[in-house]
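Only one structure is covered here, and it is reproduced in the block below.
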Amino acid sequence: MENKRGSFGNRFGVIAAVAGSAVGLGNIWRFPYIAGENGGAAFILLYLLISIVIAIPVMFAEFSIGRHCRKNVLGSFRAMNKGKGWHAVGYLSVLTVMVVLSFYCVISGWTLDFIKESLLNNFAGKDVVQHTAEFNGFVDSLNPVWWSLGFLLLNCVILSLGVDKGIERCSKVFMPLLFVMLLGLAVNSLFLPGAGEALGFLFKPDLSKISWEVVLQALGQSFFSMSLGMGIMITYGSYIKDSENFFNVGTTVTLANVFIAFLAGIAIFPAVFSYGIEPTSGAELVFLSLPVLFAQMPGGQIISIMFFLLLFFAAITSSFSLLEVVVAYIAEEFKVKRVWANAVAFVILGVSSTLCALSLQTGSELKVGGRTFFDFCDYTSSNCLLPIGGLLVAIFVGWVMDRNVRYNQLTNYGKVGTKFYGTYVFLIKYLIPLSIVLLFISLNV
Ligand code: PHE
């Protein structure tokens, strides 16, 4: 079974692929914008706490389901819980992934356009006002639609080539590169005039800013950024070898993921404060602030090209992992070739991402519940669908999954991490489900 499905070659391969899924637009685009909208440091503190106490255990839970079953998310739940309804979690995951991909492709498409603009040196000499006007013009045109469709197509082509060749090879090259470049940018930003204010905003928590909504946003961001709550790590877990240690993989990836988000914050916020951009600007934040920053740096054109390329790489390694859920589901459940599964996914997601892109245009009527369709997909996926997915996974592993299977998966048959196992079970059985449920209740009273 394992051989037929393919599996990750070695430890570095697993970490690179899982990190490739985790590190993406969530760290570099979404983290700064959500932190900006939710008051900065207090949000960041919560985000850190939740990543450690809630997200890591949920990640292990997803890994153990996937590795035990060696199937896609839907097949896994079916196999473990014959006919008792839990496979609905699988359907929920596939749905969530599609919602996420719809807006993810749009932002990824923006990165492609920004690579083009940098190559043409079109950001040079522009100030915030000029750049903002141009950016708004871009969003109102049809270009974002073409770029997001192009991005989606690229994903489908690469995924058709298979797990090992596609995901693993790309991740191994792109991830370390991304890290080094972001580090350089962060250091550079520390010398900007707004650096002091930015660091205060990011790291001096004002606890009065904490509300249940901020906690929810932190939870949603943490799940989104670690690719949890939608079966991604179940699918990835199914490719992890039996001898691999979840603990190493999970903690390494989480630390890297949080660190990269912080680096992105340190790279971006000094520019935001220096150029008088509102931290609450929303989804455009990174795309408004950075080109202006680059335009004022010596060698800015090269830096800009490299940065948006990097952002694109980060996006594509994450979108592979999203698309993999849809493709593995279609291919395995409907027993069709992966090429066909990719083609079907392309058509469905092409429509939904086009709607997301169009909904951002000025005066667009594509709204759901007062939000643009784009915002609706972004908000509901992170703040409703992912927490519900994570909650169900925690309940499943805590209460439904066979105890021996759980123990064997998490400790590699009693060989690793047995000391932490008791704490783990407490978290996954009680603390995590209760916190998520209480949070939803508090938000609704
Ligand atoms: N974690 C990815 C990111 O930070 C996005 C993602 C979310 C990927 C969910 C897969 C699943 O960009």
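In the structure tokens, chains take the letters A, B, ... in the order shown, each chain's residues start at 1, and ligands count up from 1 in the order shown.
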Task: Spatial neighbours of Val368 of chain A, max dist 12 Å, only C-alpha atoms, sep filter under 5 positions, as a PyMOL selection string - done: chain A and resi 355-356+359+373-380
- [ ] Check which residues fall inside 8 Å of ligand 1 when counting only C-alpha atoms and all ligand atoms, and print them as number ranges by chain.
- [x] A: 21-28, 30, 97, 100, 104, 223-230, 232, 314-315, 318-319, 321-322
Keeping only C-alpha atoms, write those residues as a short mmCIF file (atom, residue, chain, number, x, y, z; two decimals), in the first residue's frame.
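Produced file part.cif, reproduced below:
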data_model
loop_
_atom_site.label_atom_id
_atom_site.label_comp_id
_atom_site.auth_asym_id
_atom_site.auth_seq_id
_atom_site.Cartn_x
_atom_site.Cartn_y
_atom_site.Cartn_z
CA SER A 21 2.56 23.37 3.01
CA ALA A 22 2.63 25.34 6.25
CA VAL A 23 4.84 28.23 5.19
CA GLY A 24 3.04 30.24 2.58
CA LEU A 25 0.91 33.28 2.00
CA GLY A 26 -0.43 32.62 5.49
CA ASN A 27 2.85 33.76 7.01
CA ILE A 28 3.83 36.52 4.67
CA ARG A 30 -2.11 36.89 5.94
CA VAL A 97 -9.92 23.21 0.97
CA VAL A 100 -9.40 28.29 0.82
CA TYR A 104 -5.49 31.59 -2.25
CA PHE A 223 -4.78 26.73 11.96
CA PHE A 224 -4.57 28.40 8.59
CA SER A 225 -0.87 28.97 8.86
CA MET A 226 -0.16 25.42 9.95
CA SER A 227 -2.50 23.97 7.32
CA LEU A 228 -4.71 22.33 9.94
CA GLY A 229 -8.36 21.51 10.26
CA MET A 230 -8.96 20.43 6.70
CA ILE A 232 -4.07 18.41 4.73
CA ALA A 314 5.89 29.97 -0.81
CA ALA A 315 2.38 30.17 -2.22
CA SER A 318 1.16 25.54 -0.01
CA SER A 319 -1.32 25.39 -2.83
CA SER A 321 -0.83 20.65 -0.58
CA LEU A 322 -4.33 22.11 -0.78
#
TODO: Could you tell me which of A:Pro298, A:Gly137, A:Gly125, A:Gly250 comes closest to Met233 of chain A if we count only C-alpha atoms?
DONE: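 Closest residue, counting only C-alpha atoms: A:Gly250.
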Task: Nearest to Val397 of chain A, chosen from A:Leu385, A:Leu263, A:Val292, A:Val58, with only C-alpha atoms counted in the distances - done: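 Using only C-alpha atoms, the shortest distance to Val397 of chain A belongs to A:Val58.
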Open item on the list: Calculated over only C-alpha atoms, which of the candidates A:Phe440, A:Gly40, A:Leu142, A:Asp113 has the smallest distance to Thr354 of chain A?
Closed with: A:Leu142
Compile a residue-level contact table for segment 92-208 of chain A against segment 41-47 of chain A at a cut-off of 8 Å, reporting for every qualifying residue the shortest atom pair and its distance in Å to one decimal, with only C-alpha atoms counted, rows ordered by chain and ascending number, as a tab-separated table.
residue	atom	partner	partner_atom	distance
A:Gly200	CA	A:Ala41	CA	7.8
A:Phe201	CA	A:Ala41	CA	5.9
A:Leu202	CA	A:Ala41	CA	4.4
A:Phe203	CA	A:Ala41	CA	4.8
A:Lys204	CA	A:Ala41	CA	5.5
A:Pro205	CA	A:Ala41	CA	4.3
A:Asp206	CA	A:Ala42	CA	5.7
A:Leu207	CA	A:Ala42	CA	5.8
For the residues in that selection, give me C-alpha atoms as a compact mmCIF listing (two decimals), in the first residue's frame.
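The resulting file, part-v8.txt, is reproduced below:
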# COMPACT_ATOMS: atom_id res chain seq x y z
CA GLY A 200 6.35 48.23 19.69
CA PHE A 201 3.23 47.44 17.69
CA LEU A 202 4.38 43.87 17.10
CA PHE A 203 5.91 42.93 20.44
CA LYS A 204 4.54 45.17 23.23
CA PRO A 205 1.17 43.64 23.99
CA ASP A 206 -1.69 45.85 25.11
CA LEU A 207 -3.83 43.26 26.85
Identify, on the basis of only C-alpha atoms, every residue whose closest approach to Val249 of chain A does not exceed 8 Å; exclude the query and any residue fewer than 5 positions from it along the same chain; express the result as a short mmCIF file (atom, residue, chain, number, x, y, z; two decimals) with N, CA and C atoms, in the first residue's frame.
data_model
loop_
_atom_site.label_atom_id
_atom_site.label_comp_id
_atom_site.auth_asym_id
_atom_site.auth_seq_id
_atom_site.Cartn_x
_atom_site.Cartn_y
_atom_site.Cartn_z
N ARG A 11 13.84 12.15 6.32
CA ARG A 11 13.39 13.15 7.29
C ARG A 11 13.34 14.54 6.68
N VAL A 14 10.38 14.98 4.48
CA VAL A 14 9.10 15.15 5.17
C VAL A 14 8.98 16.56 5.70
N ILE A 15 10.04 17.01 6.40
CA ILE A 15 9.98 18.34 7.00
C ILE A 15 9.82 19.39 5.92
#
Open item on the list: Which residue is closest to Tyr329 of chain A? Choose from A:Ser208, A:Ser442, A:Thr372, A:Thr235 and count only C-alpha atoms.
Closed with: A:Thr235
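Here atom CA of Ser108 of chain A stands at a distance of 15.6 Å from atom CA of Ile158 of chain A.
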I'd like the contact shell of Val129 of chain A - 10 Å cut-off, only C-alpha atoms, skipping same-chain residues fewer than 2 positions apart - returned as a short mmCIF file (atom, residue, chain, number, x, y, z; two decimals) with N, CA and C atoms, in the first residue's frame.
data_model
loop_
_atom_site.label_atom_id
_atom_site.label_comp_id
_atom_site.auth_asym_id
_atom_site.auth_seq_id
_atom_site.Cartn_x
_atom_site.Cartn_y
_atom_site.Cartn_z
N LYS A 126 7.86 55.42 -7.47
CA LYS A 126 6.48 55.69 -7.07
C LYS A 126 6.38 55.85 -5.56
N ASP A 127 5.54 56.79 -5.11
CA ASP A 127 5.29 56.89 -3.68
C ASP A 127 4.00 56.15 -3.34
N HIS A 131 1.42 54.45 -6.02
CA HIS A 131 1.38 52.99 -6.07
C HIS A 131 -0.02 52.47 -5.70
N THR A 132 -0.64 53.09 -4.69
CA THR A 132 -1.97 52.65 -4.27
C THR A 132 -2.97 52.81 -5.43
N ALA A 133 -2.87 53.94 -6.12
CA ALA A 133 -3.79 54.18 -7.25
C ALA A 133 -3.59 53.10 -8.31
N GLU A 134 -2.33 52.78 -8.61
CA GLU A 134 -2.08 51.76 -9.63
C GLU A 134 -2.58 50.39 -9.19
N PHE A 135 -2.38 50.11 -7.92
CA PHE A 135 -2.80 48.81 -7.41
C PHE A 135 -4.32 48.67 -7.51
N TYR A 275 5.79 54.79 5.99
CA TYR A 275 5.15 55.46 4.86
C TYR A 275 3.71 55.86 5.16
N ILE A 277 1.11 54.07 6.06
CA ILE A 277 0.03 53.16 5.63
C ILE A 277 -0.69 52.66 6.89
N LEU A 288 0.67 46.78 -0.72
CA LEU A 288 0.77 48.24 -0.76
C LEU A 288 2.11 48.71 -0.22
N VAL A 292 6.59 50.04 -2.31
CA VAL A 292 7.06 51.39 -2.01
C VAL A 292 8.40 51.33 -1.30
#
Open item on the list: Which residue is closest to Phe60 of chain A? Choose from A:Ile302, A:Ala328, A:Val344, A:Val393 and count only C-alpha atoms.
Closed with: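 Going through A:Ile302, A:Ala328, A:Val344, A:Val393 one by one, the smallest distance to Phe60 of chain A is for A:Val393.
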Can you list, as an mmCIF file with all heavy atoms, in the first residue's frame, every protein, DNA or RNA residue that comes within 12 Å of Tyr413 of chain A when you count only C-alpha atoms, leaving out same-chain residues fewer than 2 positions away?
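Once everything was written out, this is result00.cif:
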data_model
loop_
_atom_site.group_PDB
_atom_site.id
_atom_site.type_symbol
_atom_site.label_atom_id
_atom_site.label_comp_id
_atom_site.auth_asym_id
_atom_site.auth_seq_id
_atom_site.Cartn_x
_atom_site.Cartn_y
_atom_site.Cartn_z
ATOM 1 N N HIS A 68 -1.959 5.994 9.857
ATOM 2 C CA HIS A 68 -2.583 4.711 10.151
ATOM 3 C C HIS A 68 -3.366 4.190 8.941
ATOM 4 O O HIS A 68 -3.299 3.017 8.601
ATOM 5 C CB HIS A 68 -3.515 4.832 11.352
ATOM 6 C CG HIS A 68 -4.294 3.580 11.611
ATOM 7 N ND1 HIS A 68 -3.687 2.416 12.014
ATOM 8 C CD2 HIS A 68 -5.617 3.299 11.481
ATOM 9 C CE1 HIS A 68 -4.609 1.475 12.135
ATOM 10 N NE2 HIS A 68 -5.779 1.987 11.813
ATOM 11 N N ASP A 242 6.541 4.794 8.576
ATOM 12 C CA ASP A 242 6.226 4.344 9.927
ATOM 13 C C ASP A 242 7.317 4.660 10.928
ATOM 14 O O ASP A 242 7.070 4.837 12.110
ATOM 15 C CB ASP A 242 5.977 2.821 9.923
ATOM 16 C CG ASP A 242 4.607 2.516 9.336
ATOM 17 O OD1 ASP A 242 3.697 3.335 9.533
ATOM 18 O OD2 ASP A 242 4.472 1.480 8.664
ATOM 19 N N SER A 243 8.557 4.740 10.452
ATOM 20 C CA SER A 243 9.662 4.955 11.387
ATOM 21 C C SER A 243 9.836 6.431 11.751
ATOM 22 O O SER A 243 10.581 6.777 12.643
ATOM 23 C CB SER A 243 10.948 4.442 10.758
ATOM 24 O OG SER A 243 11.103 5.048 9.485
ATOM 25 N N GLU A 244 9.123 7.312 11.063
ATOM 26 C CA GLU A 244 9.329 8.753 11.281
ATOM 27 C C GLU A 244 8.717 9.224 12.596
ATOM 28 O O GLU A 244 7.672 8.743 13.005
ATOM 29 C CB GLU A 244 8.697 9.505 10.099
ATOM 30 C CG GLU A 244 9.156 10.911 9.923
ATOM 31 C CD GLU A 244 10.670 11.016 9.831
ATOM 32 O OE1 GLU A 244 11.235 10.634 8.789
ATOM 33 O OE2 GLU A 244 11.258 11.451 10.813
ATOM 34 N N ASN A 245 9.377 10.193 13.243
ATOM 35 C CA ASN A 245 8.921 10.700 14.532
ATOM 36 C C ASN A 245 8.093 11.980 14.349
ATOM 37 O O ASN A 245 8.620 13.021 13.956
ATOM 38 C CB ASN A 245 10.187 10.963 15.363
ATOM 39 C CG ASN A 245 9.886 11.439 16.751
ATOM 40 O OD1 ASN A 245 8.778 11.910 17.028
ATOM 41 N ND2 ASN A 245 10.858 11.316 17.625
ATOM 42 N N ASN A 404 -5.315 1.781 21.059
ATOM 43 C CA ASN A 404 -4.009 1.192 20.726
ATOM 44 C C ASN A 404 -3.444 1.804 19.467
ATOM 45 O O ASN A 404 -2.250 2.080 19.370
ATOM 46 C CB ASN A 404 -4.149 -0.320 20.534
ATOM 47 C CG ASN A 404 -4.515 -0.983 21.832
ATOM 48 O OD1 ASN A 404 -4.109 -0.514 22.898
ATOM 49 N ND2 ASN A 404 -5.307 -2.043 21.746
ATOM 50 N N VAL A 405 -4.329 2.012 18.508
ATOM 51 C CA VAL A 405 -3.863 2.626 17.261
ATOM 52 C C VAL A 405 -3.284 3.997 17.571
ATOM 53 O O VAL A 405 -2.206 4.364 17.107
ATOM 54 C CB VAL A 405 -5.033 2.755 16.256
ATOM 55 C CG1 VAL A 405 -4.619 3.602 15.067
ATOM 56 C CG2 VAL A 405 -5.504 1.386 15.807
ATOM 57 N N ARG A 406 -4.007 4.767 18.402
ATOM 58 C CA ARG A 406 -3.534 6.112 18.735
ATOM 59 C C ARG A 406 -2.165 6.049 19.416
ATOM 60 O O ARG A 406 -1.237 6.760 19.043
ATOM 61 C CB ARG A 406 -4.544 6.790 19.674
ATOM 62 C CG ARG A 406 -4.158 8.211 20.034
ATOM 63 C CD ARG A 406 -5.205 8.867 20.890
ATOM 64 N NE ARG A 406 -5.300 8.246 22.196
ATOM 65 C CZ ARG A 406 -6.392 8.277 22.949
ATOM 66 N NH1 ARG A 406 -7.487 8.877 22.530
ATOM 67 N NH2 ARG A 406 -6.403 7.699 24.132
ATOM 68 N N TYR A 407 -2.054 5.168 20.390
ATOM 69 C CA TYR A 407 -0.785 5.048 21.117
ATOM 70 C C TYR A 407 0.338 4.647 20.171
ATOM 71 O O TYR A 407 1.420 5.245 20.159
ATOM 72 C CB TYR A 407 -0.936 4.020 22.238
ATOM 73 C CG TYR A 407 0.329 3.831 23.034
ATOM 74 C CD1 TYR A 407 0.670 4.713 24.051
ATOM 75 C CD2 TYR A 407 1.196 2.765 22.756
ATOM 76 C CE1 TYR A 407 1.841 4.555 24.772
ATOM 77 C CE2 TYR A 407 2.364 2.588 23.467
ATOM 78 C CZ TYR A 407 2.686 3.489 24.481
ATOM 79 O OH TYR A 407 3.851 3.330 25.178
ATOM 80 N N ASN A 408 0.065 3.661 19.333
ATOM 81 C CA ASN A 408 1.106 3.169 18.434
ATOM 82 C C ASN A 408 1.542 4.221 17.425
ATOM 83 O O ASN A 408 2.734 4.357 17.126
ATOM 84 C CB ASN A 408 0.621 1.920 17.698
ATOM 85 C CG ASN A 408 0.519 0.738 18.634
ATOM 86 O OD1 ASN A 408 1.158 0.729 19.687
ATOM 87 N ND2 ASN A 408 -0.309 -0.239 18.280
ATOM 88 N N GLN A 409 0.586 4.958 16.921
ATOM 89 C CA GLN A 409 0.932 5.996 15.947
ATOM 90 C C GLN A 409 1.774 7.091 16.594
ATOM 91 O O GLN A 409 2.770 7.538 16.063
ATOM 92 C CB GLN A 409 -0.336 6.615 15.343
ATOM 93 C CG GLN A 409 -0.942 5.808 14.229
ATOM 94 C CD GLN A 409 0.031 5.591 13.085
ATOM 95 O OE1 GLN A 409 0.887 6.421 12.800
ATOM 96 N NE2 GLN A 409 -0.071 4.449 12.440
ATOM 97 N N LEU A 410 1.329 7.558 17.766
ATOM 98 C CA LEU A 410 1.975 8.717 18.385
ATOM 99 C C LEU A 410 3.320 8.376 18.988
ATOM 100 O O LEU A 410 4.191 9.235 19.105
ATOM 101 C CB LEU A 410 1.049 9.336 19.420
ATOM 102 C CG LEU A 410 -0.040 10.152 18.729
ATOM 103 C CD1 LEU A 410 -1.261 10.297 19.591
ATOM 104 C CD2 LEU A 410 0.506 11.517 18.346
ATOM 105 N N THR A 411 3.497 7.139 19.417
ATOM 106 C CA THR A 411 4.770 6.798 20.070
ATOM 107 C C THR A 411 5.600 5.842 19.223
ATOM 108 O O THR A 411 6.588 5.302 19.706
ATOM 109 C CB THR A 411 4.512 6.110 21.423
ATOM 110 O OG1 THR A 411 3.809 4.883 21.162
ATOM 111 C CG2 THR A 411 3.673 6.973 22.346
ATOM 112 N N LYS A 415 8.090 3.484 21.114
ATOM 113 C CA LYS A 415 9.529 3.742 21.009
ATOM 114 C C LYS A 415 9.911 5.203 21.274
ATOM 115 O O LYS A 415 11.023 5.492 21.663
ATOM 116 C CB LYS A 415 10.032 3.322 19.622
ATOM 117 C CG LYS A 415 10.121 1.804 19.469
ATOM 118 C CD LYS A 415 11.117 1.387 18.417
ATOM 119 C CE LYS A 415 10.568 1.202 17.032
ATOM 120 N NZ LYS A 415 9.368 0.456 16.779
ATOM 121 N N VAL A 416 9.010 6.155 21.004
ATOM 122 C CA VAL A 416 9.379 7.564 21.196
ATOM 123 C C VAL A 416 8.291 8.333 21.947
ATOM 124 O O VAL A 416 7.108 8.000 21.865
ATOM 125 C CB VAL A 416 9.604 8.283 19.830
ATOM 126 C CG1 VAL A 416 10.814 7.739 19.125
ATOM 127 C CG2 VAL A 416 8.367 8.179 18.953
ATOM 128 N N GLY A 417 8.693 9.339 22.685
ATOM 129 C CA GLY A 417 7.762 10.300 23.281
ATOM 130 C C GLY A 417 6.739 9.726 24.240
ATOM 131 O O GLY A 417 5.706 10.353 24.485
ATOM 132 N N THR A 418 7.003 8.560 24.845
ATOM 133 C CA THR A 418 6.001 7.972 25.741
ATOM 134 C C THR A 418 5.759 8.858 26.967
ATOM 135 O O THR A 418 4.677 8.848 27.537
ATOM 136 C CB THR A 418 6.421 6.566 26.210
ATOM 137 O OG1 THR A 418 7.803 6.632 26.554
ATOM 138 C CG2 THR A 418 6.244 5.540 25.123
ATOM 139 N N TYR A 421 2.992 11.312 26.386
ATOM 140 C CA TYR A 421 1.750 10.776 25.838
ATOM 141 C C TYR A 421 0.537 11.126 26.698
ATOM 142 O O TYR A 421 -0.517 11.498 26.173
ATOM 143 C CB TYR A 421 1.873 9.257 25.638
ATOM 144 C CG TYR A 421 0.670 8.672 24.963
ATOM 145 C CD1 TYR A 421 0.408 8.952 23.624
ATOM 146 C CD2 TYR A 421 -0.239 7.882 25.667
ATOM 147 C CE1 TYR A 421 -0.724 8.452 23.002
ATOM 148 C CE2 TYR A 421 -1.360 7.369 25.046
ATOM 149 C CZ TYR A 421 -1.603 7.660 23.723
ATOM 150 O OH TYR A 421 -2.717 7.172 23.113
#
Open item on the list: I want to know what sits within 9 Å of Tyr236 of chain A, based on only C-alpha atoms, with residues of the same chain fewer than 4 positions away left out; could you give that as an NGL selection string?
Closed with: :A and (14 or 17-18 or 62-63 or 66-67 or 72 or 231-232 or 240 or 321)
Taking 6 positions as the minimum chain separation for residues in the same chain, which residues sit within 8 Å of Ile305 of chain A when counting only C-alpha atoms? Answer as a compact mmCIF listing (two decimals) with N, CA and C atoms, in the first residue's frame.
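Okay, this is what ended up in out25.txt:
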# COMPACT_ATOMS: atom_id res chain seq x y z
N PHE A 114 2.98 40.93 -9.60
CA PHE A 114 4.02 41.78 -9.00
C PHE A 114 5.42 41.37 -9.47
N ILE A 115 5.59 40.10 -9.81
CA ILE A 115 6.88 39.69 -10.40
C ILE A 115 7.03 40.39 -11.75
N SER A 118 7.75 44.04 -11.33
CA SER A 118 9.12 44.28 -10.89
C SER A 118 10.09 44.10 -12.05
N LEU A 119 9.84 43.08 -12.86
CA LEU A 119 10.73 42.85 -14.01
C LEU A 119 10.72 44.06 -14.94
Task: Nearest to Phe294 of chain A, chosen from A:Gly350, A:Asn122, A:Ala195, A:Gly39, with only C-alpha atoms counted in the distances - done: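 Of A:Gly350, A:Asn122, A:Ala195, A:Gly39, the one nearest Phe294 of chain A is A:Asn122, counting only C-alpha atoms.
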Task: Interatomic distance (Å, one decimal) between atom CA of Leu323 of chain A and atom CA of Ala345 of chain A - done: 7.9 Å
- [ ] Quick one: pull the distance between atom CA of Leu74 of chain A and atom CA of Tyr91 of chain A, Å, one decimal.
- [x] 6.5 Å
- [ ] Step one, run DSSP on the backbone; step two, keep only residues of segment 82-191 of chain A assigned to alpha helix (DSSP H); then write them as number ranges by chain.
- [x] A: 87-119, 128-140, 143-160, 163, 169-189
